[in-house]
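Have a look at run-v7.tsv; it's TSV, C-alpha atoms and all ligand atoms:
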```
chain	number	residue	atom	x	y	z
A	1	MET	CA	13.39	-8.91	20.71
A	2	LYS	CA	16.90	-9.51	19.31
A	3	SER	CA	17.52	-12.28	21.86
A	4	SER	CA	14.42	-14.17	20.71
A	5	LEU	CA	15.43	-13.57	17.07
A	6	ILE	CA	18.76	-15.33	17.61
A	7	VAL	CA	16.95	-18.35	19.08
A	8	TRP	CA	14.82	-18.56	15.91
A	9	ILE	CA	17.89	-18.13	13.71
A	10	LYS	CA	19.63	-21.00	15.53
A	11	VAL	CA	16.56	-23.24	15.28
A	12	PHE	CA	16.30	-22.39	11.57
A	13	ILE	CA	19.97	-23.32	11.01
A	14	HIS	CA	19.45	-26.73	12.71
A	15	ILE	CA	16.32	-27.41	10.64
A	16	ALA	CA	17.98	-26.31	7.36
A	17	ALA	CA	21.05	-28.50	8.01
A	18	LEU	CA	18.84	-31.47	8.92
A	19	TYR	CA	16.67	-30.89	5.84
A	20	PHE	CA	19.60	-30.75	3.38
A	21	THR	CA	21.27	-33.80	4.97
A	22	GLY	CA	17.95	-35.69	4.92
A	23	LEU	CA	17.38	-34.66	1.29
A	24	ILE	CA	20.68	-36.25	0.24
A	25	PHE	CA	19.70	-39.54	1.94
A	26	TRP	CA	16.15	-39.36	0.56
A	27	ASP	CA	17.33	-38.72	-3.01
A	28	TYR	CA	19.94	-41.48	-2.64
A	29	LEU	CA	17.37	-44.03	-1.46
A	30	ASN	CA	14.94	-43.00	-4.20
A	31	ASP	CA	17.48	-42.99	-7.04
A	32	GLN	CA	17.11	-39.27	-7.57
A	33	LEU	CA	20.78	-38.34	-7.53
A	34	THR	CA	21.39	-38.10	-11.31
A	35	ALA	CA	23.17	-40.81	-13.31
A	36	ASN	CA	26.25	-40.33	-11.12
A	37	PRO	CA	25.04	-40.32	-7.50
A	38	ILE	CA	28.51	-40.22	-5.91
A	39	GLU	CA	29.50	-37.16	-7.93
A	40	GLU	CA	26.18	-35.51	-7.03
A	41	ILE	CA	26.68	-36.19	-3.27
A	42	THR	CA	30.25	-34.86	-3.49
A	43	LYS	CA	29.05	-31.72	-5.26
A	44	ARG	CA	26.15	-31.07	-2.89
A	45	THR	CA	28.12	-31.59	0.34
A	46	GLY	CA	31.05	-29.49	-0.98
A	47	LYS	CA	28.68	-26.69	-1.98
A	48	TYR	CA	26.86	-26.69	1.37
A	49	ALA	CA	30.20	-26.60	3.24
A	50	LEU	CA	31.36	-23.61	1.17
A	51	ILE	CA	28.06	-21.68	1.51
A	52	LEU	CA	28.15	-22.19	5.28
A	53	LEU	CA	31.77	-21.00	5.37
A	54	VAL	CA	30.70	-17.79	3.61
A	55	LEU	CA	27.81	-17.38	6.07
A	56	THR	CA	30.25	-17.83	8.97
A	57	LEU	CA	32.37	-15.01	7.52
A	58	SER	CA	29.28	-12.80	7.21
A	59	CYS	CA	28.58	-12.83	10.96
A	60	THR	CA	31.08	-10.14	12.01
A	61	PRO	CA	30.02	-7.65	9.26
A	62	VAL	CA	26.34	-8.26	10.17
A	63	LYS	CA	27.16	-7.70	13.84
A	64	ILE	CA	28.96	-4.40	13.19
A	65	LEU	CA	26.72	-3.04	10.42
A	66	PHE	CA	23.39	-3.80	12.12
A	67	GLY	CA	24.49	-3.73	15.75
A	68	PHE	CA	23.18	-7.31	15.99
A	69	ASN	CA	25.73	-8.62	18.52
A	70	GLN	CA	23.75	-11.81	19.16
A	71	ILE	CA	24.56	-13.11	15.67
A	72	ILE	CA	27.99	-14.10	17.03
A	73	LYS	CA	26.15	-16.75	19.08
A	74	ALA	CA	25.16	-18.45	15.80
A	75	ARG	CA	28.64	-18.20	14.25
A	76	ARG	CA	30.08	-21.31	15.91
A	77	GLN	CA	26.97	-23.31	15.01
A	78	ILE	CA	27.19	-22.28	11.33
A	79	GLY	CA	30.95	-22.99	11.28
A	80	LEU	CA	30.43	-26.42	12.80
A	81	TYR	CA	27.78	-27.27	10.21
A	82	SER	CA	30.26	-26.23	7.51
A	83	PHE	CA	32.72	-28.68	9.08
A	84	PHE	CA	29.97	-31.33	9.22
A	85	PHE	CA	29.27	-31.06	5.47
A	86	ALA	CA	33.00	-30.90	4.68
A	87	THR	CA	33.36	-34.18	6.65
A	88	LEU	CA	30.51	-35.80	4.68
A	89	HIS	CA	32.18	-34.50	1.51
A	90	PHE	CA	35.58	-35.94	2.47
A	91	PHE	CA	34.17	-39.33	3.46
A	92	THR	CA	32.06	-39.52	0.29
A	93	PHE	CA	35.30	-39.10	-1.63
A	94	LEU	CA	37.25	-41.58	0.54
A	95	GLY	CA	34.52	-44.17	1.10
A	96	LEU	CA	32.03	-44.04	-1.77
A	97	ASP	CA	34.34	-42.86	-4.54
A	98	TYR	CA	37.54	-44.72	-3.58
A	99	SER	CA	36.21	-47.45	-1.21
A	100	PHE	CA	38.95	-46.46	1.28
A	101	ASP	CA	41.51	-47.83	-1.18
A	102	PHE	CA	44.44	-45.76	0.12
A	103	ASP	CA	46.90	-47.33	-2.35
A	104	LEU	CA	44.78	-46.11	-5.22
A	105	ILE	CA	44.29	-42.69	-3.61
A	106	LEU	CA	48.05	-42.31	-3.07
A	107	LYS	CA	48.81	-43.43	-6.63
A	108	ASP	CA	45.97	-41.78	-8.46
A	109	VAL	CA	44.76	-38.57	-6.91
A	110	ILE	CA	46.94	-37.41	-4.03
A	111	LYS	CA	49.14	-35.39	-6.42
A	112	LYS	CA	46.24	-33.53	-8.00
A	113	ARG	CA	46.35	-29.91	-6.94
A	114	PHE	CA	42.60	-29.69	-6.22
A	115	VAL	CA	42.93	-32.64	-3.81
A	116	ILE	CA	45.93	-31.06	-2.06
A	117	ALA	CA	43.95	-27.81	-1.70
A	118	GLY	CA	40.80	-29.57	-0.43
A	119	PHE	CA	42.76	-31.67	2.03
A	120	SER	CA	44.72	-28.66	3.39
A	121	ALA	CA	41.48	-26.74	3.88
A	122	TYR	CA	39.93	-29.73	5.63
A	123	LEU	CA	42.90	-30.16	8.01
A	124	ILE	CA	42.64	-26.50	9.08
A	125	LEU	CA	38.87	-26.88	9.48
A	126	ILE	CA	39.48	-29.81	11.88
A	127	LEU	CA	41.73	-27.56	13.96
A	128	LEU	CA	39.17	-24.75	13.99
A	129	ALA	CA	36.28	-27.07	14.86
A	130	ALA	CA	38.29	-28.70	17.67
A	131	THR	CA	39.13	-25.32	19.22
A	132	SER	CA	35.71	-23.74	18.71
A	133	PHE	CA	34.47	-24.60	22.20
A	134	ASN	CA	34.49	-22.29	25.21
A	135	ASN	CA	37.20	-24.09	27.20
A	136	ALA	CA	39.63	-24.03	24.22
A	137	ARG	CA	38.75	-20.37	23.74
A	138	ARG	CA	39.52	-19.61	27.39
A	139	LYS	CA	42.80	-21.58	27.32
A	140	LEU	CA	44.04	-19.95	24.11
A	141	GLY	CA	43.15	-16.37	25.08
A	142	ARG	CA	44.22	-13.83	22.40
A	143	GLN	CA	45.77	-16.66	20.36
A	144	TRP	CA	42.27	-17.97	19.75
A	145	TYR	CA	41.44	-14.97	17.54
A	146	ASN	CA	44.67	-15.37	15.53
A	147	LEU	CA	43.96	-19.08	15.08
A	148	HIS	CA	40.36	-18.54	14.01
A	149	ALA	CA	41.39	-15.82	11.54
A	150	LEU	CA	42.56	-18.87	9.52
A	151	ILE	CA	38.95	-19.18	8.38
A	152	TYR	CA	39.76	-16.62	5.63
A	153	PRO	CA	42.70	-18.62	4.17
A	154	VAL	CA	40.52	-21.76	4.45
A	155	ALA	CA	37.72	-20.14	2.45
A	156	SER	CA	40.24	-18.95	-0.17
A	157	ILE	CA	41.83	-22.42	-0.46
A	158	VAL	CA	38.35	-23.94	-0.91
A	159	VAL	CA	37.66	-21.48	-3.75
A	160	LEU	CA	40.96	-22.58	-5.39
A	161	HIS	CA	39.93	-26.23	-4.85
A	162	PHE	CA	36.62	-25.47	-6.61
A	163	ALA	CA	38.24	-23.44	-9.44
A	164	TRP	CA	40.84	-26.16	-10.14
A	165	LEU	CA	38.30	-28.94	-10.49
A	166	VAL	CA	35.58	-27.33	-12.60
A	167	LYS	CA	35.74	-28.58	-16.14
A	168	SER	CA	34.34	-25.51	-17.82
A	169	GLY	CA	34.01	-21.93	-16.64
A	170	VAL	CA	35.30	-20.58	-13.38
A	171	LEU	CA	32.45	-18.10	-12.96
A	172	GLU	CA	30.94	-19.74	-9.88
A	173	PRO	CA	34.21	-20.14	-7.93
A	174	LEU	CA	35.09	-16.59	-9.00
A	175	LEU	CA	31.81	-15.31	-7.52
A	176	TYR	CA	32.55	-17.05	-4.21
A	177	GLY	CA	36.11	-15.69	-4.29
A	178	THR	CA	34.82	-12.14	-4.85
A	179	LEU	CA	32.28	-12.48	-2.05
A	180	ILE	CA	34.92	-13.77	0.39
A	181	SER	CA	37.32	-10.92	-0.54
A	182	LEU	CA	34.53	-8.35	-0.06
A	183	LEU	CA	33.66	-9.80	3.35
A	184	LEU	CA	37.32	-9.62	4.42
A	185	ILE	CA	37.67	-6.02	3.19
A	186	LEU	CA	34.40	-5.09	4.92
A	187	LYS	CA	35.48	-6.68	8.18
A	188	LEU	CA	38.89	-4.99	8.15
A	189	SER	CA	37.47	-1.56	7.30
A	190	LEU	CA	34.68	-1.84	9.90
A	191	LEU	CA	37.11	-2.96	12.63
A	192	LYS	CA	39.43	0.02	11.91
A	193	LYS	CA	36.66	2.54	12.70
B	1	LIG	C1	39.30	-33.34	2.22
B	1	LIG	C2	39.69	-33.11	1.02
B	1	LIG	C3	38.75	-32.91	-0.12
B	1	LIG	C4	38.60	-33.73	-1.19
B	1	LIG	C5	39.37	-35.01	-1.46
B	1	LIG	C6	37.60	-33.16	-2.04
B	1	LIG	C7	37.18	-33.71	-3.24
B	1	LIG	C8	36.30	-33.13	-4.12
B	1	LIG	C9	35.92	-33.65	-5.40
B	1	LIG	C10	36.40	-34.99	-5.98
B	1	LIG	C11	35.09	-32.78	-5.97
B	1	LIG	C12	34.47	-32.87	-7.38
B	1	LIG	C13	33.09	-33.39	-7.42
B	1	LIG	C14	32.73	-33.62	-8.89
B	1	LIG	O1	32.52	-32.64	-9.62
B	1	LIG	O2	32.75	-34.78	-9.28
B	1	LIG	C15	34.91	-31.67	-5.06
B	1	LIG	C16	34.13	-30.57	-5.29
B	1	LIG	C17	33.95	-29.53	-4.39
B	1	LIG	N1	34.46	-29.45	-3.13
B	1	LIG	FE1	35.81	-30.69	-2.30
B	1	LIG	N2	37.13	-32.00	-1.48
B	1	LIG	C18	37.81	-31.81	-0.29
B	1	LIG	C19	37.62	-30.78	0.61
B	1	LIG	C20	36.70	-29.78	0.48
B	1	LIG	C21	36.36	-28.83	1.50
B	1	LIG	C22	37.02	-28.76	2.88
B	1	LIG	C23	35.38	-28.02	0.98
B	1	LIG	C24	34.62	-26.89	1.61
B	1	LIG	C25	34.70	-26.51	2.86
B	1	LIG	C26	35.12	-28.46	-0.38
B	1	LIG	C27	34.24	-27.86	-1.25
B	1	LIG	C28	33.99	-28.29	-2.55
B	1	LIG	C29	33.15	-27.58	-3.50
B	1	LIG	C30	32.45	-26.24	-3.26
B	1	LIG	C31	33.13	-28.36	-4.66
B	1	LIG	C32	32.42	-28.04	-5.97
B	1	LIG	C33	30.98	-28.48	-5.94
B	1	LIG	C34	30.32	-28.24	-7.28
B	1	LIG	O3	30.90	-28.61	-8.32
B	1	LIG	O4	29.22	-27.69	-7.28
B	1	LIG	N3	35.93	-29.54	-0.64
B	1	LIG	N4	35.66	-31.90	-3.94
```
Could you express the structure from this file as structure tokens?
Ligand code: HEM
Amino acid sequence: MKSSLIVWIKVFIHIAALYFTGLIFWDYLNDQLTANPIEEITKRTGKYALILLVLTLSCTPVKILFGFNQIIKARRQIGLYSFFFATLHFFTFLGLDYSFDFDLILKDVIKKRFVIAGFSAYLILILLAATSFNNARRKLGRQWYNLHALIYPVASIVVLHFAWLVKSGVLEPLLYGTLISLLLILKLSLLKK
């Protein structure tokens, strides 16, 4: 029963990711992305990447609390979709917002703390995505778990990135920050038992 459930969960994740990616393209082609389409694409892709990061972090607590070991099979898939949306987010910023004008980026935005935070998080995500496959896991052995524990600092840096760029009210980033802290505390206390 649980093994067929995980298949459905994985299919659902593929369909949801495809749907939300397709929706961005659809809304773009049909002029439905607000008066500032580039900002809207940046916001949507950033938000999807963060939500998927939080879902990735939820897998271990779900596994331990509900004895649903199979959920770990979906963890890599969810993490890779987070990386996928973070990549769309990064290239929207580089390509659509700044037309790959690296001089302007270096002069204008590279020093902004939210950009430094976003870029650091993205670099670590590249490392995690590149080592998420079975052969890297085998080669790295125990080190793999230490490396992939970086997902918690990444999520925290993304929350900082979000908090530093919102113009008014940090309630939403604060909620994500609280959720991520709770998931970490839950994981640590469940693993101790
Ligand atoms: C690669 C470096 C990154 C750059 C240059 C960057 C740039 C930006 C910019 C310019 C915005 C503001 C959009 C706007 O309000 O106009 C933004 C928002 C955001 N970014 Fe990033 N970002 C980066 C990495 C990331 C990563 C890795 C994540 C998540 C995994 C992320 C998640 C978010 C979130 C959640 C928002 C807020 C969305 C909202 O306002 O609803 N960013 N980013």
Compute the set of protein, DNA and RNA residues whose minimum atom distance to ligand LIG 1 (chain B) is at most 9 Å, using all atoms listed in the file, and state it as a ChimeraX atom specification.
-> /A:36,38-53,82-83,85-87,89-94,97,109-110,114-125,154-155,157-159,161-163,165-167,172-173
Top pick for closest residue to Leu183 of chain A, considering A:Ser99, A:Ser156, A:Ser3, A:Thr21 and counting all atoms listed in the file =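 Result for the nearest residue to Leu183 of chain A: A:Ser156.
Remark: for Val11 of chain A, the closest of the candidate residues A:Leu184, A:Ile151, A:Ile78, A:Leu96 is A:Ile78 (distances computed over all atoms listed in the file).
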Given the choices A:Asn69, A:Phe20, A:Pro61, A:Thr178, which gets closest to Phe84 of chain A if the distance is worked out from all atoms listed in the file?
->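 Answer, going by the shortest atom-to-atom distance: A:Phe20.
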With all atoms of segment 161-170 of chain A from the file as input, state the centre and edge lengths in Å to one decimal of the axis-aligned box that has 4 Å extra on each side, as AutoDock Vina command-line options.
```
--center_x 37.4 --center_y -24.8 --center_z -11.3 --size_x 14.8 --size_y 16.4 --size_z 21.0
```
Which one of A:His148, A:His14, A:Lys192, A:Lys187 sits closest to Lys63 of chain A if you count all atoms listed in the file?
->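 Nearest candidate to Lys63 of chain A out of A:His148, A:His14, A:Lys192, A:Lys187: A:Lys187.
Rounded to one decimal, atom CA of Leu23 of chain A and atom CA of Gly79 of chain A lie 20.5 Å from each other.
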